[in-house]
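Trainee: Got a structure for you, data37.cif, holding mmCIF, C-alpha atoms.
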```
data_target
#
loop_
_atom_site.label_atom_id
_atom_site.label_comp_id
_atom_site.auth_asym_id
_atom_site.auth_seq_id
_atom_site.Cartn_x
_atom_site.Cartn_y
_atom_site.Cartn_z
CA MET A 1 4.33 31.09 5.93
CA ALA A 2 3.94 31.64 9.66
CA GLY A 3 0.69 30.15 10.93
CA LYS A 4 0.02 28.25 7.69
CA LYS A 5 0.60 24.53 7.36
CA LEU A 6 2.36 23.43 4.19
CA SER A 7 0.60 20.93 1.93
CA PRO A 8 2.12 17.42 1.77
CA GLU A 9 3.55 17.98 -1.73
CA SER A 10 5.44 21.07 -0.49
CA GLN A 11 6.82 19.10 2.44
CA MET A 12 8.17 16.42 0.09
CA ILE A 13 10.86 18.76 -1.26
CA PRO A 14 14.06 17.90 0.64
CA HIS A 15 14.45 19.83 3.84
CA GLN A 16 17.48 19.84 6.08
CA VAL A 17 16.86 17.56 9.04
CA ASN A 18 20.40 18.38 10.14
CA PRO A 19 22.29 20.83 7.86
CA GLU A 20 25.66 19.48 9.06
CA TRP A 21 24.95 16.19 7.30
CA TYR A 22 24.49 17.70 3.83
CA LEU A 23 27.26 20.33 3.53
CA LYS A 24 24.64 22.81 2.22
CA SER A 25 23.79 20.67 -0.83
CA ILE A 26 20.26 21.23 -2.23
CA LYS A 27 19.79 17.52 -2.92
CA GLU A 28 20.95 15.22 -0.18
CA PRO A 29 23.75 12.77 -1.06
CA ILE A 30 23.55 9.02 -0.55
CA PHE A 31 25.05 8.05 2.82
CA GLN A 32 26.68 4.82 1.72
CA THR A 33 28.28 3.86 5.02
CA SER A 34 27.66 1.12 7.57
CA THR A 35 28.68 2.87 10.78
CA TYR A 36 29.24 6.27 12.43
CA LYS A 37 31.67 7.41 15.11
CA PHE A 38 30.64 7.97 18.74
CA ASP A 39 31.92 11.21 20.23
CA THR A 40 32.12 9.69 23.71
CA ALA A 41 31.72 6.31 25.37
CA GLU A 42 28.86 7.81 27.38
CA GLU A 43 27.03 8.57 24.15
CA GLY A 44 27.40 4.95 23.05
CA GLU A 45 26.12 3.70 26.39
CA LYS A 46 23.05 5.96 26.20
CA PHE A 47 22.23 4.89 22.67
CA PHE A 48 22.39 1.15 23.29
CA GLN A 49 20.37 1.47 26.48
CA ARG A 50 17.61 2.90 24.33
CA VAL A 51 17.91 0.41 21.48
CA TYR A 52 18.08 -2.73 23.61
CA GLY A 53 15.34 -1.33 25.80
CA GLY A 54 13.07 -1.45 22.76
CA LYS A 55 12.95 2.33 22.37
CA GLU A 56 13.30 4.48 19.28
CA HIS A 57 16.65 6.16 18.56
CA ALA A 58 17.15 9.54 20.21
CA THR A 59 15.98 12.57 18.26
CA GLY A 60 17.48 15.95 17.51
CA ASP A 61 21.16 15.09 17.86
CA ARG A 62 23.92 12.91 16.40
CA THR A 63 23.03 9.90 18.53
CA LYS A 64 20.77 9.06 15.59
CA LEU A 65 23.81 8.28 13.47
CA ILE A 66 25.41 5.17 14.90
CA TYR A 67 24.87 2.21 12.59
CA SER A 68 22.85 1.97 9.38
CA ARG A 69 20.78 -0.96 10.62
CA PHE A 70 19.24 1.48 13.08
CA THR A 71 19.02 4.59 10.94
CA TYR A 72 20.91 6.93 8.62
CA PRO A 73 20.33 10.41 7.11
CA ASN A 74 18.51 9.30 3.94
CA LEU A 75 16.10 7.19 6.00
CA ILE A 76 15.53 9.93 8.59
CA SER A 77 14.75 12.41 5.82
CA LEU A 78 12.43 9.97 4.06
CA GLU A 79 10.43 9.05 7.16
CA SER A 80 10.21 12.61 8.43
CA LYS A 81 8.53 13.60 5.15
CA PHE A 82 6.35 10.70 4.11
CA LYS A 83 4.28 10.59 7.32
CA HIS A 84 2.66 13.88 6.27
CA TRP A 85 0.90 12.21 3.36
CA ASP A 86 -1.00 9.84 5.64
CA HIS A 87 -1.47 12.27 8.52
CA GLY A 88 0.54 9.77 10.53
CA GLU A 89 2.51 10.42 13.68
CA ASP A 90 5.48 8.43 12.37
CA CYS A 91 6.37 5.91 9.68
CA ALA A 92 8.86 3.13 8.95
CA PHE A 93 10.28 2.08 5.58
CA PHE A 94 11.26 -1.49 4.70
CA ASN A 95 13.11 -3.29 1.93
CA THR A 96 9.85 -4.70 0.45
CA GLY A 97 6.12 -4.26 0.86
CA MET A 98 5.78 -7.77 2.29
CA ALA A 99 8.55 -6.99 4.78
CA ALA A 100 6.46 -4.04 6.00
CA ILE A 101 3.28 -6.12 6.22
CA SER A 102 4.89 -9.13 7.90
CA THR A 103 6.70 -6.95 10.46
CA VAL A 104 3.39 -5.28 11.33
CA PHE A 105 1.84 -8.71 11.94
CA PHE A 106 4.79 -9.90 14.02
CA SER A 107 4.78 -6.75 16.17
CA ILE A 108 1.09 -7.12 17.07
CA LEU A 109 0.20 -10.82 16.99
CA LYS A 110 1.10 -13.85 19.07
CA PRO A 111 0.46 -17.56 18.43
CA GLY A 112 -3.20 -18.37 19.00
CA ASP A 113 -4.45 -14.89 18.08
CA LEU A 114 -7.32 -14.15 15.72
CA ILE A 115 -7.41 -11.48 13.00
CA LEU A 116 -10.24 -10.02 10.94
CA LYS A 117 -9.36 -10.03 7.24
CA SER A 118 -11.05 -8.58 4.16
CA GLU A 119 -11.20 -10.46 0.87
CA PRO A 120 -9.89 -10.23 -1.79
CA ILE A 121 -6.45 -8.87 -1.01
CA TYR A 122 -3.05 -9.01 -2.70
CA GLY A 123 -2.08 -12.64 -3.34
CA GLY A 124 1.17 -12.40 -1.35
CA SER A 125 -0.63 -11.10 1.75
CA ASP A 126 -3.37 -13.70 1.37
CA SER A 127 -0.83 -16.52 1.15
CA PHE A 128 1.12 -15.19 4.16
CA ILE A 129 -2.00 -15.06 6.35
CA LYS A 130 -3.47 -18.40 5.25
CA GLY A 131 -0.16 -20.24 5.18
CA PHE A 132 2.62 -18.85 7.35
CA LEU A 133 0.52 -17.26 10.10
CA LYS A 134 -1.73 -20.30 10.28
CA SER A 135 1.33 -22.48 10.89
CA TYR A 136 1.86 -20.40 14.06
CA GLY A 137 -1.71 -20.95 15.21
CA ILE A 138 -2.89 -17.50 14.09
CA GLU A 139 -6.34 -17.84 12.56
CA HIS A 140 -8.41 -15.36 10.59
CA VAL A 141 -12.05 -14.44 10.09
CA PRO A 142 -12.70 -13.46 6.45
CA PHE A 143 -15.35 -11.07 5.21
CA SER A 144 -16.28 -9.63 1.83
CA PRO A 145 -16.92 -6.04 0.69
CA LYS A 146 -20.66 -6.82 0.61
CA ASP A 147 -20.85 -7.93 4.24
CA SER A 148 -22.64 -5.64 6.69
CA MET A 149 -21.42 -4.92 10.22
CA PRO A 150 -23.92 -7.35 11.82
CA ARG A 151 -22.80 -10.10 9.45
CA ILE A 152 -19.13 -9.48 10.20
CA LEU A 153 -19.80 -9.49 13.96
CA LYS A 154 -21.67 -12.77 13.56
CA ARG A 155 -18.65 -14.25 11.79
CA ILE A 156 -16.35 -13.13 14.61
CA ALA A 157 -18.73 -14.55 17.22
CA GLY A 158 -18.62 -17.87 15.39
CA ALA A 159 -14.84 -18.01 15.85
CA LYS A 160 -15.36 -17.88 19.65
CA LYS A 161 -12.24 -15.78 20.13
CA LYS A 162 -11.59 -12.07 20.41
CA ILE A 163 -9.92 -10.50 17.39
CA LYS A 164 -6.49 -8.96 18.04
CA MET A 165 -6.25 -6.90 14.83
CA ALA A 166 -8.01 -6.24 11.55
CA PHE A 167 -6.29 -6.20 8.17
CA ILE A 168 -8.09 -4.82 5.14
CA GLU A 169 -7.18 -3.74 1.63
CA THR A 170 -9.28 -1.07 -0.04
CA PRO A 171 -9.75 -0.76 -2.93
CA CYS A 172 -9.36 -4.53 -3.17
CA ASN A 173 -6.67 -5.98 -5.41
CA PRO A 174 -7.52 -6.71 -8.22
CA THR A 175 -11.29 -6.09 -8.28
CA ASN A 176 -11.43 -2.44 -7.11
CA ASP A 177 -14.15 -3.32 -4.58
CA LEU A 178 -14.38 -0.96 -1.60
CA ILE A 179 -14.29 -1.62 2.15
CA ASP A 180 -15.74 0.91 4.60
CA ILE A 181 -12.72 1.84 6.74
CA GLN A 182 -14.81 3.64 9.35
CA MET A 183 -17.10 0.61 9.81
CA ILE A 184 -14.16 -1.74 10.42
CA SER A 185 -12.63 0.83 12.78
CA GLU A 186 -15.84 0.81 14.82
CA ILE A 187 -15.71 -2.99 14.98
CA CYS A 188 -12.12 -2.83 16.25
CA ASP A 189 -13.08 -0.23 18.85
CA GLY A 190 -15.84 -2.52 20.06
CA PHE A 191 -13.30 -5.25 20.86
CA SER A 192 -10.77 -2.86 22.46
CA ARG A 193 -10.50 -2.64 26.23
CA GLY A 194 -8.41 0.18 27.72
CA LYS A 195 -4.79 -0.25 26.66
CA ASP A 196 -5.68 -3.59 25.08
CA THR A 197 -6.59 -2.08 21.72
CA VAL A 198 -7.40 -3.87 18.47
CA PRO A 199 -5.47 -2.05 15.72
CA LEU A 200 -6.91 -1.58 12.25
CA VAL A 201 -4.30 -1.97 9.49
CA VAL A 202 -5.19 -0.78 5.98
CA ASP A 203 -3.27 -1.67 2.82
CA ASN A 204 -3.60 1.53 0.77
CA THR A 205 -1.38 0.47 -2.14
CA PHE A 206 -4.11 0.52 -4.81
CA LEU A 207 -5.14 4.17 -4.32
CA GLY A 208 -1.87 5.46 -2.92
CA PRO A 209 -1.32 8.27 -0.43
CA VAL A 210 -2.73 10.89 -2.83
CA GLY A 211 -5.98 8.99 -3.30
CA GLN A 212 -6.88 8.00 0.25
CA ARG A 213 -5.86 8.69 3.86
CA PRO A 214 -7.08 5.77 5.99
CA ALA A 215 -5.93 7.45 9.23
CA ASP A 216 -8.62 10.08 8.73
CA HIS A 217 -11.25 7.33 8.89
CA GLY A 218 -10.03 5.38 11.91
CA ALA A 219 -7.08 3.31 10.68
CA ASP A 220 -4.27 2.87 13.20
CA LEU A 221 -1.70 1.81 10.62
CA THR A 222 -1.50 2.24 6.84
CA VAL A 223 0.78 -0.01 4.77
CA TYR A 224 2.00 0.25 1.20
CA SER A 225 4.13 -1.50 -1.31
CA ALA A 226 6.32 1.57 -1.86
CA SER A 227 7.52 -0.08 -5.08
CA LYS A 228 4.27 1.18 -6.60
CA TYR A 229 3.08 4.82 -6.64
CA ILE A 230 5.47 6.03 -3.94
CA GLY A 231 8.59 4.86 -5.79
CA GLY A 232 6.72 5.28 -9.04
CA HIS A 233 9.48 4.68 -11.60
CA GLY A 234 9.72 0.88 -11.66
CA ASP A 235 13.30 0.99 -10.41
CA LEU A 236 13.05 -0.04 -6.76
CA VAL A 237 11.39 -2.42 -4.31
CA ALA A 238 10.32 -1.15 -0.87
CA GLY A 239 7.50 -0.98 1.67
CA VAL A 240 6.27 1.47 4.29
CA VAL A 241 3.90 1.60 7.24
CA SER A 242 2.68 4.83 8.82
CA GLY A 243 0.38 5.59 11.72
CA LYS A 244 0.22 5.92 15.48
CA MET A 245 3.48 6.62 17.26
CA ASN A 246 3.24 3.83 19.86
CA LEU A 247 2.62 1.17 17.21
CA ILE A 248 5.35 2.49 14.89
CA GLN A 249 7.81 2.52 17.82
CA ASP A 250 7.17 -1.20 18.37
CA ILE A 251 7.49 -1.86 14.64
CA LYS A 252 10.80 0.01 14.45
CA ALA A 253 12.12 -1.84 17.49
CA LEU A 254 11.38 -5.12 15.71
CA ARG A 255 12.91 -3.73 12.51
CA TYR A 256 16.17 -3.20 14.41
CA SER A 257 16.26 -6.94 15.18
CA LEU A 258 15.07 -8.20 11.80
CA GLY A 259 17.30 -5.82 9.85
CA ASN A 260 14.73 -5.43 7.07
CA MET A 261 14.82 -1.66 6.67
CA VAL A 262 15.25 -0.03 3.28
CA GLU A 263 18.90 0.48 2.26
CA PRO A 264 20.50 3.90 1.49
CA ASN A 265 20.35 3.87 -2.31
CA THR A 266 16.67 2.92 -2.30
CA ALA A 267 15.91 5.50 0.41
CA TRP A 268 17.58 8.14 -1.77
CA LEU A 269 15.48 7.10 -4.78
CA LEU A 270 12.31 7.22 -2.68
CA ASN A 271 13.21 10.73 -1.49
CA ARG A 272 13.55 11.68 -5.16
CA SER A 273 10.21 10.13 -6.02
CA LEU A 274 8.27 11.90 -3.26
CA GLU A 275 8.86 15.23 -4.99
CA THR A 276 6.77 14.20 -8.01
CA LEU A 277 4.28 11.89 -6.29
CA LYS A 278 1.23 14.12 -6.68
CA LEU A 279 2.16 15.26 -10.19
CA ARG A 280 2.49 11.67 -11.36
CA MET A 281 -0.67 10.44 -9.68
CA ASP A 282 -2.75 13.38 -10.90
CA ARG A 283 -1.73 12.60 -14.49
CA GLN A 284 -2.34 8.88 -14.04
CA CYS A 285 -5.82 9.45 -12.60
CA GLU A 286 -6.76 11.84 -15.42
CA SER A 287 -5.70 9.31 -18.05
CA ALA A 288 -7.46 6.46 -16.25
CA GLU A 289 -10.77 8.36 -16.43
CA LEU A 290 -10.51 8.54 -20.23
CA ILE A 291 -9.46 4.91 -20.63
CA ALA A 292 -12.20 3.62 -18.31
CA ASP A 293 -14.81 5.52 -20.31
CA TYR A 294 -13.54 3.94 -23.53
CA LEU A 295 -13.51 0.42 -22.08
CA ASP A 296 -16.99 0.86 -20.64
CA SER A 297 -18.35 1.75 -24.08
CA HIS A 298 -16.80 -1.28 -25.81
CA SER A 299 -19.25 -4.08 -26.66
CA GLY A 300 -16.64 -6.82 -26.24
CA ILE A 301 -16.07 -6.04 -22.58
CA GLU A 302 -18.38 -7.68 -20.04
CA LYS A 303 -17.86 -5.17 -17.25
CA VAL A 304 -15.48 -2.45 -16.08
CA LYS A 305 -14.70 -1.71 -12.43
CA TYR A 306 -13.25 1.75 -11.92
CA LEU A 307 -14.11 4.14 -9.12
CA GLY A 308 -14.73 6.95 -11.59
CA LEU A 309 -17.50 5.01 -13.33
CA LYS A 310 -20.12 5.91 -10.76
CA LYS A 311 -22.95 4.16 -12.62
CA ASN A 312 -21.11 0.85 -12.20
CA LEU A 313 -20.87 1.23 -8.42
CA SER A 314 -23.49 -0.01 -6.00
CA LYS A 315 -25.21 2.46 -3.70
CA LYS A 316 -23.02 1.26 -0.82
CA GLU A 317 -19.82 1.59 -2.86
CA LEU A 318 -20.78 5.06 -4.03
CA GLN A 319 -21.30 6.16 -0.44
CA ILE A 320 -17.93 4.73 0.63
CA ALA A 321 -16.14 6.29 -2.35
CA ASN A 322 -17.61 9.72 -1.63
CA ASN A 323 -16.66 9.45 2.04
CA GLN A 324 -13.10 8.12 1.99
CA CYS A 325 -11.62 8.32 -1.53
CA LEU A 326 -9.89 11.56 -2.54
CA THR A 327 -9.40 10.46 -6.17
CA ASN A 328 -10.70 7.70 -8.41
CA GLY A 329 -7.23 6.22 -8.74
CA ALA A 330 -5.44 4.86 -11.79
CA MET A 331 -6.31 1.16 -11.46
CA ILE A 332 -8.90 -0.37 -13.78
CA SER A 333 -10.16 -3.96 -13.81
CA PHE A 334 -12.22 -5.17 -16.75
CA GLU A 335 -13.59 -8.52 -17.86
CA LEU A 336 -13.29 -9.58 -21.48
CA LYS A 337 -15.92 -11.69 -23.21
CA GLY A 338 -14.31 -14.99 -24.15
CA GLY A 339 -12.46 -15.70 -20.90
CA LYS A 340 -8.81 -16.65 -20.60
CA PRO A 341 -8.11 -17.33 -24.35
CA LYS A 342 -9.31 -13.86 -25.35
CA ALA A 343 -7.58 -12.24 -22.38
CA PHE A 344 -4.27 -13.85 -23.36
CA LYS A 345 -4.62 -12.78 -27.00
CA PHE A 346 -5.38 -9.25 -25.87
CA LEU A 347 -2.43 -9.11 -23.46
CA ASN A 348 -0.04 -10.61 -26.03
CA SER A 349 -1.04 -7.95 -28.58
CA LEU A 350 -0.25 -4.92 -26.43
CA SER A 351 2.75 -2.81 -27.42
CA VAL A 352 2.63 0.52 -25.58
CA ILE A 353 1.20 -1.06 -22.43
CA ARG A 354 3.57 -3.55 -20.80
CA LEU A 355 2.57 -7.06 -19.75
CA ALA A 356 3.76 -6.95 -16.13
CA VAL A 357 2.36 -7.59 -12.66
CA SER A 358 3.43 -4.40 -10.93
CA LEU A 359 1.41 -1.20 -10.73
CA GLY A 360 1.62 2.50 -9.94
CA GLY A 361 4.67 3.25 -12.09
CA THR A 362 5.18 5.82 -14.83
CA GLU A 363 4.71 2.98 -17.31
CA SER A 364 1.27 1.43 -17.96
CA ASN A 365 1.10 -2.27 -17.06
CA ALA A 366 -1.54 -4.91 -17.72
CA SER A 367 -1.73 -8.32 -16.06
CA HIS A 368 -3.93 -11.42 -15.74
CA PRO A 369 -4.74 -11.93 -12.03
CA TRP A 370 -6.26 -15.41 -12.57
CA THR A 371 -2.91 -16.87 -13.68
CA MET A 372 -0.49 -14.34 -12.17
CA SER A 373 -0.84 -12.31 -8.97
CA HIS A 374 -3.73 -14.38 -7.54
CA SER A 375 -2.95 -17.79 -9.03
CA ASN A 376 -2.04 -19.09 -5.55
CA VAL A 377 -5.59 -18.41 -4.31
CA LYS A 378 -8.04 -21.33 -4.39
CA GLU A 379 -10.17 -21.36 -7.55
CA LYS A 380 -13.44 -21.26 -5.62
CA ASP A 381 -12.24 -18.16 -3.74
CA ARG A 382 -11.15 -16.44 -6.94
CA LYS A 383 -14.56 -17.01 -8.48
CA LYS A 384 -16.32 -15.91 -5.30
CA TRP A 385 -14.33 -12.67 -5.28
CA GLY A 386 -14.98 -11.89 -8.95
CA ILE A 387 -11.48 -12.80 -10.15
CA THR A 388 -12.39 -14.59 -13.38
CA PRO A 389 -10.29 -16.05 -16.25
CA GLY A 390 -11.33 -13.10 -18.40
CA LEU A 391 -10.33 -10.41 -15.90
CA VAL A 392 -7.53 -7.99 -16.82
CA ARG A 393 -5.95 -5.54 -14.36
CA LEU A 394 -4.65 -2.31 -15.86
CA SER A 395 -2.36 0.16 -14.12
CA VAL A 396 -2.39 3.44 -16.02
CA GLY A 397 0.92 5.30 -16.34
CA VAL A 398 1.89 8.77 -17.52
CA GLU A 399 1.95 8.10 -21.28
CA ASP A 400 -0.35 10.01 -23.62
CA PRO A 401 -3.83 8.54 -22.95
CA THR A 402 -4.62 8.73 -26.68
CA ASP A 403 -1.74 6.34 -27.36
CA LEU A 404 -2.90 4.01 -24.60
CA ILE A 405 -6.47 3.90 -25.92
CA ARG A 406 -5.18 3.26 -29.45
CA ASP A 407 -3.07 0.37 -28.11
CA ILE A 408 -6.06 -1.10 -26.29
CA LYS A 409 -8.32 -0.71 -29.33
CA LYS A 410 -5.76 -2.39 -31.63
CA SER A 411 -5.19 -5.25 -29.17
CA LEU A 412 -8.91 -5.89 -28.69
CA ALA A 413 -9.28 -6.11 -32.47
CA LYS A 414 -6.32 -8.51 -32.79
CA ALA A 415 -7.87 -10.69 -30.09
CA GLY A 416 -11.13 -10.79 -32.05
CA ILE A 417 -13.04 -8.91 -29.38
CA ASP A 418 -15.69 -6.82 -31.10
#
```
Render the structure in this file as structure tokens.

Mentor:
Amino acid sequence: MAGKKLSPESQMIPHQVNPEWYLKSIKEPIFQTSTYKFDTAEEGEKFFQRVYGGKEHATGDRTKLIYSRFTYPNLISLESKFKHWDHGEDCAFFNTGMAAISTVFFSILKPGDLILKSEPIYGGSDSFIKGFLKSYGIEHVPFSPKDSMPRILKRIAGAKKKIKMAFIETPCNPTNDLIDIQMISEICDGFSRGKDTVPLVVDNTFLGPVGQRPADHGADLTVYSASKYIGGHGDLVAGVVSGKMNLIQDIKALRYSLGNMVEPNTAWLLNRSLETLKLRMDRQCESAELIADYLDSHSGIEKVKYLGLKKNLSKKELQIANNQCLTNGAMISFELKGGKPKAFKFLNSLSVIRLAVSLGGTESNASHPWTMSHSNVKEKDRKKWGITPGLVRLSVGVEDPTDLIRDIKKSLAKAGID
């Protein structure tokens, strides 16, 4: 393989970061320990000089293995592999997706700063920005997927402050609307001055690392709820951020203090999941294509938003999808005629598909964003974003798509949706 770069899926198979740690086992064991022994006092001195100096742990030797709040073999293996998916220089895993997102914000922002924010986004992120960050004097300038660059710049100018970072989610949760990553990157570059850069942070949870690589289009950091496609089996909660080395170094330094890194058992499960990431997502995307086609042909459904239904995309969305999306994903949003009552009857009639708010797992899940994931968003904002009482969000799993379509068809009939 000399001279040829391995594909990300090949690099996900466990490789020996340090063979001494694994005793030649093919699958790495769980390192369920809190601390490791220093060989010398000088080694301990060197390590803590680096840590308390805000630097990353040393690389290439055993000074990495000191205390599990800093790092441990399962985490080193996980982070050394996952960064390849995003074409990132480094990455950092956390105990939840919101821990990853909040640590990114804390590492970049200070009280009084201004951020550029796309809408809609995941309800937890929206609440954190509008509630917690605002309480620290951190304001935001919102924009929608339909806004042009001049309109966004006009909004920023109206705030009379320079933006310090941009945070976008694309495709948007739960509507599947698209944001042009390259356009927002150009806006951030326009406000950057020398070393005083304005980072662009992209939440890529909805498409996952197989479906989109924001770094290739100007993103400085990419964040995920790793509980979703990356973990993929509905048995863990985690988060990850990947991207530029200097930013990840600052994020890891803060992670040392906050202590919110992923723990060994979860890191081991994530290492396991990386091996099948592309296989799972390929199957999910293939099934989603079939299900979206069925939903789009049903007379009782007002509209279907899925990236693979090109005729339902605007000219702008089609251009963005062709430029930055590697797959059409496995997330479908569709609006039922009859609003909330019909949506509830439909959801309550499902049997193969689970009624649950998560996404990206091997199991198919359906949820009602109006009353669940986005219920904390103001009603006027939900309506403005296209989150209606009749909207259903479907995450397609790895089950037989014929069974899933049969379940949907039966449940639509039981709900009286013709």

Trainee: Expressed in Å to a single decimal, how great is the separation between CA of Gly231 in chain A and CA of Ile405 in chain A?

Mentor: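 Result for CA of Gly231 in chain A versus CA of Ile405 in chain A: 25.2 Å, one decimal.
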
Trainee: Could you list, with a cut-off of 10 Å and counting only C-alpha atoms, the residues of range 276-302 of chain A near range 194-216 of chain A, each shown with its nearest atom pair and the distance in Å rounded to one decimal, rows sorted by chain and ascending number, as a Markdown table?

Mentor:
```
| residue | atom | partner | partner_atom | distance |
| --- | --- | --- | --- | --- |
| A:Leu277 | CA | A:Val210 | CA | 7.9 |
| A:Lys278 | CA | A:Val210 | CA | 6.4 |
| A:Leu279 | CA | A:Val210 | CA | 9.9 |
| A:Met281 | CA | A:Val210 | CA | 7.2 |
| A:Asp282 | CA | A:Val210 | CA | 8.4 |
| A:Cys285 | CA | A:Gly211 | CA | 9.3 |
```

Trainee: Using the chain letters and numbers from this file, what does the PyMOL selection byres ((chain A and resi 128-145) around 9) select? Give the answer as number ranges by chain.

Mentor: A: 98, 102, 105, 109-120, 123-127, 146-148, 151-152, 155-156, 159, 163, 172, 177-180, 317, 385

Trainee: My list of candidates is A:Leu221, A:Leu247, A:Val240, A:Met183. Which is closest to Leu270 in chain A when distances are computed with all atoms listed in the file?

Mentor: A:Val240

Trainee: Care to translate the PyMOL selection byres ((chain A and resi 257-268) around 10) into actual residues of this file, as a PyMOL selection string?

Mentor: chain A and resi 27-34+51-52+54+68-79+92-96+99-100+103+231+235-240+252-256+269-273

Trainee: Produce a table with one row for each residue of range 236-327 of chain A that has an atom at most 6 Å from any atom of range 336-356 of chain A, each row naming the nearest atom pair and its distance in Å at one decimal; use all atoms listed in the file; arrange rows by chain and rising residue number; format as a tab-separated table.

Mentor:
```
residue	atom	partner	partner_atom	distance
A:Gly300	CA	A:Lys337	CA	5.8
A:Ile301	CA	A:Leu336	CA	4.6
A:Glu302	CA	A:Leu336	CA	5.6
```

Trainee: Taking the file as shown, find all residues satisfying the PyMOL selection byres ((chain A and resi 310) around 12) and write them as a list in words.

Mentor: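 Taken over the shown coordinates, the PyMOL selection byres ((chain A and resi 310) around 12) returns Glu289, Ala292, Asp293, Asp296, Val304, Lys305, Tyr306, Leu307, Gly308, Leu309, Lys311, Asn312, Leu313, Ser314, Lys315, Lys316, Glu317, Leu318, Gln319, Ile320, Ala321, Asn322 and Asn328 of chain A.
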
Trainee: With all atoms listed in the file as the basis for distance, which of A:Ser367, A:Ser395, A:Ser373, A:Ser107 is at the shortest distance from Met331 in chain A?

Mentor: A:Ser395

Trainee: Could you tell me how far CA of Leu295 in chain A lies from CA of Asn323 in chain A, in Å and to one decimal?

Mentor: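 Going from CA of Leu295 in chain A over to CA of Asn323 in chain A covers 25.9 Å.
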
Trainee: Between CA of Pro369 in chain A and CA of Ile184 in chain A, what is the spacing in Å?

Mentor: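 Rounded to one decimal, the two atoms are 26.4 Å apart.
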
Trainee: Select, from A:Gln182, A:Ser297, A:Ser333, A:Thr170, the residue with the minimum atom-to-atom distance to His217 in chain A, counting all atoms listed in the file.

Mentor: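 Going through A:Gln182, A:Ser297, A:Ser333, A:Thr170 one by one, the smallest distance to His217 in chain A is for A:Gln182.
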
Trainee: So that I can check the surroundings of Lys5 in chain A, please list as a ChimeraX atom specification every protein, DNA and RNA residue that reaches within 12 Å of it, counting all atoms listed in the file and ignoring chain neighbours fewer than 5 positions away.

Mentor: /A:10-11,84

Trainee: Taking only C-alpha atoms into account, which of A:Ser25, A:Trp370, A:Gly397, A:Ala226 comes nearest Arg283 in chain A?

Mentor: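 Comparing A:Ser25, A:Trp370, A:Gly397, A:Ala226 against Arg283 in chain A, the winner is A:Gly397.
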
Trainee: Scan for residues within 12 Å of the point (-2.4, 5.2, -23.5) in the coordinates of the file, using only C-alpha atoms, and reply as a PyMOL selection string.

Mentor: chain A and resi 283-284+286-292+294+350-354+362-366+394-410
